[in-house]
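S.K.: Encoded as structure tokens, here's the structure I'll be asking about.
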Amino acid sequence: MRTDDPLARVGDESLPPVGDVLAAIATGLWRWDNASGTVTLDAEAARLLGLPARAQTLTEAGVRSRFHPVDWNEIYGTVQLAVAEGTLAEARLRIMDETGRQVLRIVRSRSKPVVHDATEAYELIGTLQEVTEPAPGTAARTPVTGDWRRSREAFLLDAGRALAEARSTEEVLRVAAGLSMPGFSPDGLAVFGVAGDRLTIIGHHGHEPGDDGPFSAMPLDTDYPAAEVVRTGRAVYLSSPEDYRRRYPAAWPLVRRFERQSWAFLPLTVAGRTMGAWMAAFTYPVSFTPDERSVLTTVARMLAQALSRAGVADSERELTDGLQRSMLPMLGPKIDGMSVAARYVPTGGGLQVGGDWYDMIPLPSGRIAFAIGDVQGHDVRAAGLMGQLRIALRAYASEGHRPDAVLSRATRFLSGITESATYGSSGSGNDEATEYDPRFATCLYVEADPATGVLEIARAGHPEPAIRMSDGTVLQRPVAGGLPLGIDPDADYPTTRLVLGPGETMLICTDGLIETGGHDLDSGWSRIRSTLEEYLGDDEQDGLELLADRLVQAVHGPSSHHTTGPLADRREDDIAVLLLSRTGRPEEHADARRTVLTIAQAEPERIGGARRHLRELLHDWADDDQVDSAVLMVSEMLTNVLVHTDGDALLVAQVSGEPGRRRLRVEVADSSDDLPHKRRPGELASSGRGLVLMELLAGAWGVDPRGDGKSIWFELYEDAGSPADGAGDAPGGPEAPSE
């Protein structure tokens with residue numbers, strides 16, 4: 001600091017400069033400017049803070065790093081009080097080394113805040129002076145901070161908050177190992193528990209691996225301090241090795257090699273029961289004054305409460321994990337021609353058990369059935385109903401029933417047990433009114449033929465499956481369905497037949513995989529689709545397991561927190577995922593992309609799903625106008641079948657060729673022998689333009705009569721080239737319209 005500074009002169013000019021006086025008595029001067037966030041130090045103040053001994057200006061963060069965090073919080077509150085009351089701010093502070101682990105010295109700070117009325121900012125102008133403390137372990141130890149009571153209360157508040165937030169026994173032990181007590185900190189910790197009539201070590205810190213061997217499984221009547229604490233419920237304080245050797249001669253040979261100087265053994269008591277003991281060991285002598293014993297006793301009580309809560313939580317997790325594992329089946333032996341992978345992820349709240357499930361069931365016919373479902377709710381009752389429903393559905397499937405019959409029987413079963421069962425009954429035989437708790441469940445049931453890849457699917461209010469084709473295209477397959485199980489005991493469940501080609505993978509899942517993270521069905525499927533498309537399509541089992549992990553990671557991984565959906569306040573849900581892949585590659589037309597759909601007479605609303613399905617099939621088509629044309633023509637073709645015939649419509653779409661030069665061929669077949677003919681609709685006519693549209697939009701088209709009906713088809717070419725000669729004049733097709 002310059003000697004010509006206004007602060008450097010006081011009163012009589014014959015007195016030496018203030019800076020020289022302060023340096024002579026080892027007192028530093030500092031100025032803290034709150035507005036600019038800078039701190040100016042003279043050479044002595046910089047030395048006291050462990051910095052080079054020269055005048056310098058630092059940022060507030062740079063100075064803060066030199067103080068102990070607890071002391072910084074204390075002085076900040078003291079300064080705010082001094083600013084408000086216009087008084088001096090005074091505190092004792094620990095100066096830490098560069099690592100923040102060792103105390104270099106203790107300084108006393110006295111400062112006067114100067115408030116600027118215009119900006120309400122303030123400056124602190126004050127002094128720093130080193131304070132000499134007694135050596136560690138001396139009698140009547142002075143606490144590190146000047147005010148022992150305030151420092152102790154701050155430490156206990158921090159320790160209590162940290163222990164209260166610990167959720168497992170491992171976290172509690174980690175927090176206990178990191179506690180830095182005011183004025184004295186142990187470098188060795190151990191937590192002992194009780195198993196029967198023996199002492200066990202739950203965890204320890206400050207020891208090498210294997211050091212706990214001699215102390216594990218000690219009988220409770222052993223001459224060891226922790227055993228005595230558990231037996232009597234009273235703390236044991238040992239201030240010196242001589243004291244330890246005199247009181248516990250049998251245990252001393254085991255302890256001597258650790259070279260500790262003082263020990264404290266305190267009971268861990270909860271609800272009047274001693275559940276274990278806590279040991280704190282010190283490398284320097286500690287006299288264990290009443291204040292130090294008070295801190296240790298309080299920490300031991302908080303530690304006991306935290307361990308008790310963590311033990312209950314650990315037991316609940318173990319119980320629910322075991323319950324869930326017992327309810328979820330193993331996938332069984334490897335299936336020739338198919339690979340299977342599955343995952344179940346609980347929601348993470350409460351008991352971590354819910355109503356989602358999956359199953360794999362060998363059938364008498366030699367086929368394999370796969371089921372996935374979700375019982376309403378996230379509680380123990382949902383888990384219980386899930387277990388009952390899964391067993392019932394497995395029994396119906398094992399009897400050889402078809403998919404529609406399996407779900408029909410399952411809905412009657414669930415309706416029966418939810419309507420007849422009472423929820424909340426005390427079972428005491430009284431006449432209190434009981435409350436009914438009906439539940440429903442969604443389910444998707446698949447019967448698969450591994451040899452041919454044929455899948456017969458029945459659906460009860462469940463999300464539809466998705467197919468990843470061999471070239472990476474992902475299609476959400478429309479599947480006919482009925483009401484969720486348990487709503488209508490007489491509900492019907494139609495069956496949809498699909499063929500899973502070699503190299504293709506089917507995903508079936510519960511809505512938790514789609515909607516977790518605040519997503520709805522549309523945005524959730526977009527997220528899952530991108531993960532499926534990135535999958536390399538490895539037909540080995542390890543590849544399918546990796547895909548299952550990636551699907552869960554897309555929902556619960558770190559990246560999912562940055563892609564939340566529009567319904568971010570929605571409660572998270574359990575997740576069940578089942579992947580079924582047909583191994584191998586097709587021998588011919590390996591680059592072809594083919595899909596088949598059936599639109600029943602009673603399901604005209606599925607025409608919209610067929611349009612969406614075709615767009616997914618053409619997701620990488622070069623010309624968007626051609627995609628729109630294909631969707632329009634398919635809509636016209638399917639509508640004509642449902643309006644002008646009495647049968648169902650069979651849609652077959654195939655994309656073949658190299659990208660940029662591919663061909664799309666779409667056929668719609670029905671059972672009617674009546675061939676369509678071209679009409680000349682009037683300007684106000686509402687129909688009759690289907691064939692005209694095909695003439696205008698298709699690269700080639702035609703009508704093929706068959707023995708049991710007919711097929712109308714069209715083709716589009718990605719390179720917009722001319723169709724093959726005569727493609728528009730297929731046998732049996734309509735005549736070309738006149739101009």
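Naming works like this for the structure tokens: A, B, ... for the chains as they're shown, residue 1 at the start of each chain, ligands 1 onward in shown order.
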Can you list, as a PyMOL selection string, every protein, DNA or RNA residue that comes within 6 Å of stretch 38-41 of chain A when you count only C-alpha atoms, leaving out same-chain residues fewer than 3 positions away?
M.R.: chain A and resi 30-33+45-46+55-60
S.K.: Applying 9 Å and only C-alpha atoms, which residues near A:Arg615 remain after dropping the ones on its own chain fewer than 5 positions away? List them as a list in words.
M.R.: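 Answer for this query is Ala610, Val627, Asp628, Ala630 and Val631 of chain A.
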S.K.: Generate the output file for the selected residues, N, CA, C and O atoms, as a PDB file, in the first residue's frame.
M.R.:
ATOM      1  N   ALA A 610     -53.036 -47.017 -42.594  1.00  0.00           N
ATOM      2  CA  ALA A 610     -52.349 -47.502 -43.794  1.00  0.00           C
ATOM      3  C   ALA A 610     -51.617 -46.364 -44.499  1.00  0.00           C
ATOM      4  O   ALA A 610     -50.504 -46.547 -45.016  1.00  0.00           O
ATOM      5  N   VAL A 627     -44.394 -39.381 -52.979  1.00  0.00           N
ATOM      6  CA  VAL A 627     -44.901 -39.982 -51.748  1.00  0.00           C
ATOM      7  C   VAL A 627     -46.346 -39.554 -51.530  1.00  0.00           C
ATOM      8  O   VAL A 627     -47.215 -40.383 -51.216  1.00  0.00           O
ATOM      9  N   ASP A 628     -46.638 -38.278 -51.712  1.00  0.00           N
ATOM     10  CA  ASP A 628     -48.016 -37.802 -51.570  1.00  0.00           C
ATOM     11  C   ASP A 628     -48.930 -38.486 -52.576  1.00  0.00           C
ATOM     12  O   ASP A 628     -50.079 -38.850 -52.249  1.00  0.00           O
ATOM     13  N   ALA A 630     -48.518 -41.478 -53.928  1.00  0.00           N
ATOM     14  CA  ALA A 630     -48.709 -42.875 -53.528  1.00  0.00           C
ATOM     15  C   ALA A 630     -49.719 -42.981 -52.397  1.00  0.00           C
ATOM     16  O   ALA A 630     -50.588 -43.863 -52.399  1.00  0.00           O
ATOM     17  N   VAL A 631     -49.648 -42.088 -51.423  1.00  0.00           N
ATOM     18  CA  VAL A 631     -50.586 -42.111 -50.303  1.00  0.00           C
ATOM     19  C   VAL A 631     -52.002 -41.852 -50.790  1.00  0.00           C
ATOM     20  O   VAL A 631     -52.965 -42.507 -50.357  1.00  0.00           O
TER      21      VAL A 631
END
S.K.: With a distance cut-off of 12 Å and only C-alpha atoms, select the neighbouring residues of A:Ala176, excluding the residue or stretch itself and same-chain residues fewer than 5 positions from it, and output the selection as number ranges by chain.
M.R.: A: 158-164, 166, 169-171, 181, 185-191, 203-206, 278-280, 296, 299-300, 302-304, 306-307
S.K.: Using only C-alpha atoms, which residue out of A:Leu124, A:Ile75, A:Ala154, A:Leu632 lies closest to A:Val295?
M.R.: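 That would be A:Ala154, the residue with the smallest distance to A:Val295.
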S.K.: Find, counting only C-alpha atoms, the residue in A:Asp522, A:Tyr358, A:Arg167, A:Pro364 that gets nearest to A:Ile391.
M.R.: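 The shortest atom-to-atom distance to A:Ile391 comes from A:Tyr358.
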S.K.: Please report, as a PyMOL selection string, each residue of stretch 198-387 of chain A to which DSSP assigns strand (DSSP E or B) when run on this structure's backbone.
M.R.: chain A and resi 198-205+218-219+236-238+262-270+273-282+335+338-345+356-362+368-375
S.K.: A:Arg94: which residues within 7 Å, counting only C-alpha atoms, same-chain residues fewer than 4 positions away excluded, as a ChimeraX atom specification?
M.R.: /A:67-68,71,103,105-107
S.K.: Nearest residue to A:Leu544 out of A:Arg527, A:Arg606, A:Arg343, A:Arg412, using only C-alpha atoms?
M.R.: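 Using only C-alpha atoms, A:Leu544 sits closest to A:Arg343.
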S.K.: Here is a test: counting only C-alpha atoms, which residue of A:Gly524, A:Glu616, A:Phe413, A:Leu578 is nearest to A:Asp549?
M.R.: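 Closest to A:Asp549 of all the choices is A:Leu578.
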S.K.: If I take atom CA of A:Ala397 and atom CA of A:Gly337, how far is one from the other in Å, to one decimal?
M.R.: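 Atom-to-atom, atom CA of A:Ala397 to atom CA of A:Gly337, that is 21.5 Å.
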S.K.: Can you tell me, as a PyMOL selection string, what residues are no more than 9 Å from A:Asp674 when counting only C-alpha atoms, ignoring any on the same chain fewer than 5 positions away?
M.R.: chain A and resi 645+705+709-710
